[in-house]
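Undergrad: CSV, C-alpha atoms and all ligand atoms, saved as my_file.csv, coming up:
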chain,number,residue,atom,x,y,z
V,1,MET,CA,-18.8,-5.4,-9.5
V,2,ASN,CA,-18.6,-2.3,-11.7
V,3,ILE,CA,-15.0,-1.1,-11.7
V,4,GLU,CA,-16.1,2.5,-11.5
V,5,THR,CA,-17.8,2.0,-8.2
V,6,THR,CA,-14.6,0.6,-6.7
V,7,ALA,CA,-12.4,3.6,-7.8
V,8,HIS,CA,-10.7,5.7,-5.1
V,9,GLU,CA,-9.3,9.2,-5.2
V,10,GLY,CA,-6.6,10.7,-3.0
V,11,ARG,CA,-4.3,13.6,-2.6
V,12,CYS,CA,-1.5,15.1,-0.6
V,13,THR,CA,-2.0,17.7,2.1
V,14,CYS,CA,-1.3,20.8,0.1
V,15,ARG,CA,-3.5,19.6,-2.8
V,16,PHE,CA,-0.8,19.8,-5.4
V,17,VAL,CA,-0.9,16.1,-6.0
V,18,ARG,CA,-4.1,14.3,-6.9
V,19,TYR,CA,-4.3,10.7,-7.9
V,20,ARG,CA,-6.9,8.0,-8.7
V,21,MET,CA,-7.0,4.3,-8.2
V,22,SER,CA,-9.2,3.0,-11.1
V,23,SER,CA,-10.3,-0.1,-9.1
V,24,GLY,CA,-10.2,-1.6,-5.7
V,25,PRO,CA,-6.8,-2.8,-4.4
V,26,LEU,CA,-5.3,-6.3,-4.5
V,27,PHE,CA,-5.1,-6.3,-0.7
V,28,VAL,CA,-4.7,-3.9,2.2
V,29,HIS,CA,-1.9,-4.3,4.7
V,30,CYS,CA,-1.8,-2.9,8.2
V,31,CYS,CA,1.9,-3.1,9.0
V,32,HIS,CA,3.0,-3.0,12.6
V,33,CYS,CA,6.7,-3.3,11.9
V,34,ARG,CA,9.1,-0.8,13.6
V,35,TRP,CA,10.1,0.6,10.3
V,36,CYS,CA,6.6,1.6,9.4
V,37,GLN,CA,6.1,3.0,12.9
V,38,ARG,CA,9.2,5.2,12.4
V,39,GLU,CA,8.2,6.3,8.9
V,40,THR,CA,4.7,7.3,10.0
V,41,GLY,CA,5.6,8.5,13.4
V,42,ALA,CA,2.6,6.5,14.6
V,43,SER,CA,1.7,2.9,15.4
V,44,PHE,CA,1.4,1.3,12.0
V,45,ALA,CA,1.2,2.0,8.3
V,46,LEU,CA,-1.9,1.3,6.2
V,47,ASN,CA,-1.1,0.4,2.6
V,48,ALA,CA,-3.4,-0.6,-0.2
V,49,LEU,CA,-1.5,-2.7,-2.8
V,50,ILE,CA,-2.5,-2.1,-6.4
V,51,GLU,CA,-1.1,-2.5,-9.9
V,52,ALA,CA,0.9,0.6,-10.9
V,53,ASP,CA,-1.1,0.9,-14.1
V,54,ARG,CA,-4.3,1.3,-12.1
V,55,VAL,CA,-3.0,4.5,-10.5
V,56,GLN,CA,-3.3,7.7,-12.4
V,57,LEU,CA,-1.7,10.9,-11.4
V,58,CYS,CA,-4.5,13.5,-12.0
V,59,ALA,CA,-2.7,16.6,-10.9
V,60,GLY,CA,0.7,17.7,-9.9
V,61,GLU,CA,3.8,15.5,-9.9
V,62,VAL,CA,5.5,13.2,-7.4
V,63,GLU,CA,9.1,12.8,-6.5
V,64,VAL,CA,10.8,9.6,-5.3
V,65,ILE,CA,12.9,9.3,-2.2
V,66,ASP,CA,15.0,6.2,-1.7
V,67,THR,CA,14.4,5.1,1.8
V,68,PRO,CA,16.1,2.2,3.8
V,69,SER,CA,13.9,-0.8,4.5
V,70,SER,CA,14.2,-3.8,6.8
V,71,SER,CA,15.1,-6.2,3.9
V,72,GLY,CA,18.1,-4.0,3.1
V,73,LYS,CA,16.8,-3.6,-0.5
V,74,GLY,CA,15.2,-0.3,0.1
V,75,GLN,CA,11.8,1.3,-0.4
V,76,ARG,CA,11.0,4.0,-2.9
V,77,ILE,CA,8.6,6.5,-1.3
V,78,TRP,CA,6.8,8.8,-3.7
V,79,ARG,CA,6.1,12.2,-2.2
V,80,CYS,CA,4.5,15.5,-3.1
V,81,PRO,CA,7.5,17.8,-4.0
V,82,LYS,CA,5.8,20.7,-2.2
V,83,CYS,CA,4.4,19.4,1.1
V,84,ARG,CA,6.5,16.1,1.1
V,85,ILE,CA,3.5,14.0,2.1
V,86,ALA,CA,4.1,10.4,1.0
V,87,VAL,CA,1.3,9.1,-1.3
V,88,TRP,CA,2.6,5.7,-2.3
V,89,SER,CA,5.7,3.5,-2.2
V,90,ASN,CA,7.4,0.6,-4.1
V,91,TYR,CA,9.2,-2.2,-2.4
V,92,ALA,CA,12.1,-4.1,-4.0
V,93,GLY,CA,10.1,-7.4,-3.9
V,94,SER,CA,7.4,-6.3,-6.2
V,95,GLY,CA,9.3,-3.7,-8.1
V,96,ASP,CA,7.5,-0.8,-9.7
V,97,ALA,CA,4.7,-3.0,-10.8
V,98,VAL,CA,2.8,-2.7,-7.5
V,99,ARG,CA,2.2,0.5,-5.6
V,100,PHE,CA,1.6,0.6,-1.9
V,101,ILE,CA,-0.9,3.4,-1.6
V,102,ARG,CA,-1.0,5.2,1.7
V,103,VAL,CA,-4.6,4.7,2.6
V,104,GLY,CA,-4.6,7.8,4.8
V,105,THR,CA,-4.2,10.0,1.7
V,106,LEU,CA,-7.4,8.7,0.1
V,107,ASP,CA,-10.5,11.0,0.2
V,108,GLU,CA,-12.4,8.1,1.7
V,109,PRO,CA,-9.9,6.1,3.7
V,110,ASP,CA,-12.7,4.4,5.6
V,111,ARG,CA,-13.6,2.3,2.5
V,112,LEU,CA,-10.3,0.4,2.8
V,113,PRO,CA,-9.9,-1.2,6.2
V,114,PRO,CA,-7.1,-3.7,6.6
V,115,ASP,CA,-7.4,-7.2,5.0
V,116,ILE,CA,-4.5,-8.4,7.2
V,117,HIS,CA,-2.4,-7.2,10.1
V,118,ILE,CA,1.3,-8.0,9.6
V,119,TYR,CA,4.4,-7.9,11.8
V,120,THR,CA,2.2,-8.0,14.9
V,121,GLU,CA,5.3,-9.2,16.8
V,122,SER,CA,6.2,-5.5,17.1
V,123,LYS,CA,2.7,-4.2,17.4
V,124,GLN,CA,2.4,-1.4,20.1
V,125,PRO,CA,0.7,-3.1,23.0
V,126,TRP,CA,-2.2,-0.7,23.3
V,127,VAL,CA,-3.3,-1.4,19.7
V,128,VAL,CA,-6.2,-3.9,20.0
V,129,LEU,CA,-6.8,-5.9,16.8
V,130,PRO,CA,-10.4,-6.6,15.8
V,131,PRO,CA,-11.6,-10.2,15.8
V,132,GLY,CA,-12.1,-11.7,12.4
V,133,VAL,CA,-9.3,-10.0,10.5
V,134,PRO,CA,-6.2,-12.1,9.8
V,135,ALA,CA,-3.1,-11.2,11.8
V,136,VAL,CA,0.4,-12.7,11.5
V,137,PRO,CA,3.6,-12.1,13.5
V,138,GLY,CA,5.7,-11.4,10.4
V,139,TYR,CA,5.0,-11.5,6.7
V,140,TYR,CA,2.8,-14.0,4.9
V,141,LYS,CA,2.1,-15.9,1.7
V,142,ALA,CA,-0.4,-14.1,-0.7
V,143,SER,CA,-1.6,-17.5,-1.8
V,144,GLU,CA,-2.9,-18.2,1.7
V,145,PHE,CA,-4.7,-15.0,2.2
V,146,TRP,CA,-5.5,-13.1,-1.0
V,147,PRO,CA,-8.9,-13.6,-2.6
V,148,LYS,CA,-9.0,-15.5,-5.9
V,149,GLU,CA,-9.5,-12.4,-8.0
V,150,SER,CA,-6.4,-10.7,-6.5
V,151,LEU,CA,-4.3,-13.8,-7.1
V,152,GLU,CA,-5.5,-13.7,-10.7
V,153,ARG,CA,-4.6,-10.0,-11.0
V,154,ARG,CA,-1.2,-10.8,-9.6
V,155,ALA,CA,-0.7,-13.7,-12.1
V,156,ALA,CA,-1.7,-11.3,-14.9
V,157,LEU,CA,1.0,-8.9,-13.7
V,158,ALA,CA,3.6,-11.7,-13.8
V,159,ALA,CA,2.5,-12.6,-17.3
V,160,LYS,CA,3.5,-9.1,-18.4
V,161,SER,CA,7.0,-10.2,-17.5
V,162,LEU,CA,7.2,-7.8,-14.6
V,163,PRO,CA,9.2,-8.8,-11.6
V,164,HIS,CA,7.4,-11.7,-9.9
V,165,GLN,CA,8.5,-12.1,-6.4
V,166,ARG,CA,7.0,-12.0,-3.0
V,167,GLN,CA,7.2,-8.7,-1.1
V,201,ZN,ZN,1.4,18.5,-1.4
V,202,ZN,ZN,6.1,-2.2,8.0
Take the structure from the file and write it as structure tokens.
TA:
Amino acid sequence: MNIETTAHEGRCTCRFVRYRMSSGPLFVHCCHCRWCQRETGASFALNALIEADRVQLCAGEVEVIDTPSSSGKGQRIWRCPKCRIAVWSNYAGSGDAVRFIRVGTLDEPDRLPPDIHIYTESKQPWVVLPPGVPAVPGYYKASEFWPKESLERRAALAAKSLPHQRQ
């Protein structure tokens, strides 16, 4: 597939920050954990995982807020310094090499539905999951769910001697 046709653009609410994903993501998580529920104020978080070097800041700047996470290692949430909307985050497990893009900040969020539902053990009961999309009670192994191309991209990241750990 032509890489340009899989690009995605996004922004914060006040339009100060604009960014671009130069390709499709590695994988898209719909996370139903209580932490994500609190951070979003909603029922789940929708994150598109992508290599940091495939995300360009096209306008504005972002500031990082260190935020507690369930692992205890913390999450770095990158926000617009003006409207404070979160546009992406990094988790300790994958370091700065992988960004978790907030799908709701994309111009066309409908293009990136979840590839997997995780932490469904704390899913709010009224949320009905669609058939045919993987769902796991907690976390999962990428090797069991990611498509081959994404696993190859992950291996390429590791080869650049970036932190190579599971989320
Ligand atoms: Zn903003
Ligand atoms: Zn979560």
Undergrad: Have a look at CA of Lys141 (chain V) and CA of Ile85 (chain V) and let me know their distance in Å, one decimal.
TA: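 One can read the CA of Lys141 (chain V) to CA of Ile85 (chain V) distance as 29.9 Å.
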Undergrad: Report, in Å to a single decimal, how far apart CA of Asp66 (chain V) and CA of Tyr119 (chain V) are.
TA: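 Separating CA of Tyr119 (chain V) from CA of Asp66 (chain V) is a distance of 22.2 Å.
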Undergrad: Kindly assemble as JSON lines a list of the chain V residues that lie within 6 Å of ligand ZN 202 (chain V), each paired with its nearest atom pair and their distance in Å to one decimal, using only C-alpha atoms and all ligand atoms, sorted first by chain and then by ascending residue number.
TA:
{"residue": "V:Cys31", "atom": "CA", "partner": "V:ZN202", "partner_atom": "ZN", "distance": 4.4}
{"residue": "V:His32", "atom": "CA", "partner": "V:ZN202", "partner_atom": "ZN", "distance": 5.6}
{"residue": "V:Cys33", "atom": "CA", "partner": "V:ZN202", "partner_atom": "ZN", "distance": 4.1}
{"residue": "V:Trp35", "atom": "CA", "partner": "V:ZN202", "partner_atom": "ZN", "distance": 5.4}
{"residue": "V:Cys36", "atom": "CA", "partner": "V:ZN202", "partner_atom": "ZN", "distance": 4.1}
Undergrad: Could you turn the residues from that selection into a file that holds C-alpha atoms, as a PDB file, keeping the file's coordinate frame?
TA:
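Everything below was put into part_25.pdb:
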ATOM      1  CA  CYS V  31       1.900  -3.100   9.000  1.00  0.00           C
ATOM      2  CA  HIS V  32       3.000  -3.000  12.600  1.00  0.00           C
ATOM      3  CA  CYS V  33       6.700  -3.300  11.900  1.00  0.00           C
ATOM      4  CA  TRP V  35      10.100   0.600  10.300  1.00  0.00           C
ATOM      5  CA  CYS V  36       6.600   1.600   9.400  1.00  0.00           C
TER       6      CYS V  36
END
Undergrad: Please find the residues contacting ligand ZN 201 (chain V) at a distance of at most 8 Å between atoms, with all atoms listed in the file counted, and report them as a PyMOL selection string.
TA: chain V and resi 11-17+79-85
Undergrad: Using only C-alpha atoms and a cutoff of 6 Å, can you tell me which residues are near (-10.2, 11.4, -1.1) in the file's coordinates, and write them out as a ChimeraX atom specification?
TA: /V:9-10,106-108
Undergrad: Quick one: residues within 12 Å of region 153-157 of chain V, only C-alpha atoms counted, chain neighbours fewer than 5 positions away excluded, as a PyMOL selection string?
TA: chain V and resi 23-27+49-54+94-98+142-143+146-148+162-166
Undergrad: With distances taken over only C-alpha atoms, which residue among V:Lys123, V:Arg102, V:His8, V:Arg18 lies nearest Gly60 (chain V)?
TA: V:Arg18
Undergrad: Rounded to one decimal in Å, what is the spacing between CA of Glu63 (chain V) and CA of Trp78 (chain V)?
TA: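 So the two atoms, CA of Glu63 (chain V) and CA of Trp78 (chain V), lie 5.4 Å apart.
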Undergrad: Can you tell me which residues surround Gln124 (chain V) at a distance of at most 10 Å, considering all atoms listed in the file, apart from same-chain residues fewer than 5 positions away, and format the answer as a PyMOL selection string?
TA: chain V and resi 32-34+37+42-44
Undergrad: So, counting only C-alpha atoms, which residue among V:Val103, V:Ile118, V:Val64, V:Met21 is closest to Tyr140 (chain V)?
TA: V:Ile118
Undergrad: Quick test: take region 8-144 of chain V, keep C-alpha atoms, and write it as a short mmCIF file (atom, residue, chain, number, x, y, z; two decimals), in the first residue's frame.
TA:
data_model
loop_
_atom_site.label_atom_id
_atom_site.label_comp_id
_atom_site.auth_asym_id
_atom_site.auth_seq_id
_atom_site.Cartn_x
_atom_site.Cartn_y
_atom_site.Cartn_z
CA HIS V 8 -3.27 10.56 9.19
CA GLU V 9 -3.46 14.14 10.47
CA GLY V 10 -4.66 15.37 13.82
CA ARG V 11 -4.84 18.36 16.11
CA CYS V 12 -5.80 19.63 19.53
CA THR V 13 -9.04 21.45 20.19
CA CYS V 14 -7.72 25.04 20.02
CA ARG V 15 -5.82 24.25 16.77
CA PHE V 16 -2.44 25.37 18.13
CA VAL V 17 -1.04 21.83 17.75
CA ARG V 18 -1.17 19.99 14.45
CA TYR V 19 0.55 16.69 13.82
CA ARG V 20 0.82 14.05 11.15
CA MET V 21 1.29 10.28 11.22
CA SER V 22 3.25 9.43 8.08
CA SER V 23 1.84 5.91 7.91
CA GLY V 24 -0.77 3.72 9.45
CA PRO V 25 -0.22 2.61 13.07
CA LEU V 26 1.34 -0.58 14.34
CA PHE V 27 -1.85 -1.50 16.16
CA VAL V 28 -4.86 0.22 17.73
CA HIS V 29 -5.78 -0.39 21.37
CA CYS V 30 -9.16 0.18 22.89
CA CYS V 31 -8.27 0.12 26.58
CA HIS V 32 -11.02 -0.40 29.12
CA CYS V 33 -8.81 -0.14 32.22
CA ARG V 34 -9.91 2.08 35.09
CA TRP V 35 -6.88 4.32 34.60
CA CYS V 36 -7.89 5.13 31.04
CA GLN V 37 -11.46 5.62 32.14
CA ARG V 38 -10.33 8.22 34.68
CA GLU V 39 -7.94 9.96 32.28
CA THR V 40 -10.53 10.30 29.55
CA GLY V 41 -13.49 10.84 31.83
CA ALA V 42 -15.22 8.30 29.63
CA SER V 43 -15.46 4.53 29.21
CA PHE V 44 -12.21 3.70 27.42
CA ALA V 45 -9.19 5.16 25.67
CA LEU V 46 -8.49 4.64 21.98
CA ASN V 47 -4.78 4.70 21.19
CA ALA V 48 -2.99 4.14 17.87
CA LEU V 49 0.53 2.86 18.49
CA ILE V 50 3.15 4.16 16.07
CA GLU V 51 6.89 4.69 15.89
CA ALA V 52 7.83 8.14 17.21
CA ASP V 53 9.78 8.95 14.05
CA ARG V 54 6.60 8.54 12.02
CA VAL V 55 4.90 11.39 13.88
CA GLN V 56 5.68 14.93 12.82
CA LEU V 57 4.64 18.01 14.71
CA CYS V 58 3.38 20.28 11.89
CA ALA V 59 2.38 23.29 13.99
CA GLY V 60 2.62 24.51 17.57
CA GLU V 61 4.43 22.64 20.31
CA VAL V 62 3.57 20.01 22.89
CA GLU V 63 4.37 19.80 26.58
CA VAL V 64 4.78 16.65 28.58
CA ILE V 65 3.01 15.88 31.84
CA ASP V 66 4.25 12.95 33.91
CA THR V 67 1.20 11.00 34.93
CA PRO V 68 0.86 7.96 37.20
CA SER V 69 0.10 4.64 35.53
CA SER V 70 -1.06 1.26 36.79
CA SER V 71 2.41 -0.27 36.32
CA GLY V 72 3.84 2.32 38.71
CA LYS V 73 6.36 3.35 36.06
CA GLY V 74 4.32 6.27 34.83
CA GLN V 75 3.00 7.55 31.59
CA ARG V 76 4.21 10.69 29.83
CA ILE V 77 1.21 12.46 28.34
CA TRP V 78 1.94 15.07 25.68
CA ARG V 79 -0.51 17.94 25.63
CA CYS V 80 -1.19 21.22 23.88
CA PRO V 81 0.22 23.92 26.20
CA LYS V 82 -2.77 26.16 25.49
CA CYS V 83 -5.90 23.99 25.58
CA ARG V 84 -4.24 21.05 27.43
CA ILE V 85 -5.77 18.43 25.21
CA ALA V 86 -3.71 15.23 25.20
CA VAL V 87 -2.53 14.27 21.72
CA TRP V 88 -0.28 11.30 22.50
CA SER V 89 1.53 9.54 25.31
CA ASN V 90 4.52 7.30 25.99
CA TYR V 91 4.54 4.41 28.40
CA ALA V 92 7.57 3.19 30.30
CA GLY V 93 7.47 -0.21 28.59
CA SER V 94 8.15 1.07 25.09
CA GLY V 95 9.94 4.26 26.06
CA ASP V 96 9.90 7.25 23.74
CA ALA V 97 10.23 5.05 20.65
CA VAL V 98 6.50 4.36 20.41
CA ARG V 99 3.79 6.96 20.68
CA PHE V 100 0.25 6.18 21.69
CA ILE V 101 -1.73 8.61 19.53
CA ARG V 102 -5.12 9.59 20.92
CA VAL V 103 -7.31 8.48 18.03
CA GLY V 104 -10.00 11.00 18.94
CA THR V 105 -7.61 13.84 18.06
CA LEU V 106 -7.27 12.69 14.44
CA ASP V 107 -9.13 14.54 11.70
CA GLU V 108 -10.58 11.21 10.57
CA PRO V 109 -10.78 9.03 13.66
CA ASP V 110 -13.23 6.67 11.96
CA ARG V 111 -10.34 5.31 9.89
CA LEU V 112 -8.72 3.70 12.93
CA PRO V 113 -11.14 1.41 14.73
CA PRO V 114 -9.72 -0.83 17.49
CA ASP V 115 -7.60 -3.84 16.52
CA ILE V 116 -8.01 -5.20 20.03
CA HIS V 117 -9.97 -4.48 23.20
CA ILE V 118 -7.79 -4.78 26.30
CA TYR V 119 -8.50 -4.83 30.04
CA THR V 120 -12.07 -5.85 29.35
CA GLU V 121 -12.17 -7.14 32.95
CA SER V 122 -12.96 -3.55 33.95
CA LYS V 123 -15.08 -2.68 30.91
CA GLN V 124 -18.16 -0.66 31.79
CA PRO V 125 -21.02 -3.14 31.48
CA TRP V 126 -23.09 -1.14 29.01
CA VAL V 127 -20.25 -1.11 26.45
CA VAL V 128 -21.03 -3.90 24.00
CA LEU V 129 -18.00 -5.16 22.07
CA PRO V 130 -18.39 -5.98 18.39
CA PRO V 131 -18.00 -9.59 17.30
CA GLY V 132 -14.87 -10.40 15.32
CA VAL V 133 -12.51 -8.00 17.13
CA PRO V 134 -10.09 -9.60 19.61
CA ALA V 135 -10.81 -8.84 23.27
CA VAL V 136 -8.67 -9.83 26.25
CA PRO V 137 -9.28 -9.42 30.00
CA GLY V 138 -5.87 -7.81 30.63
CA TYR V 139 -2.86 -7.15 28.42
CA TYR V 140 -1.62 -9.42 25.63
CA LYS V 141 1.42 -10.51 23.64
CA ALA V 142 2.01 -8.58 20.42
CA SER V 143 3.38 -11.73 18.81
CA GLU V 144 -0.05 -13.32 19.15
#
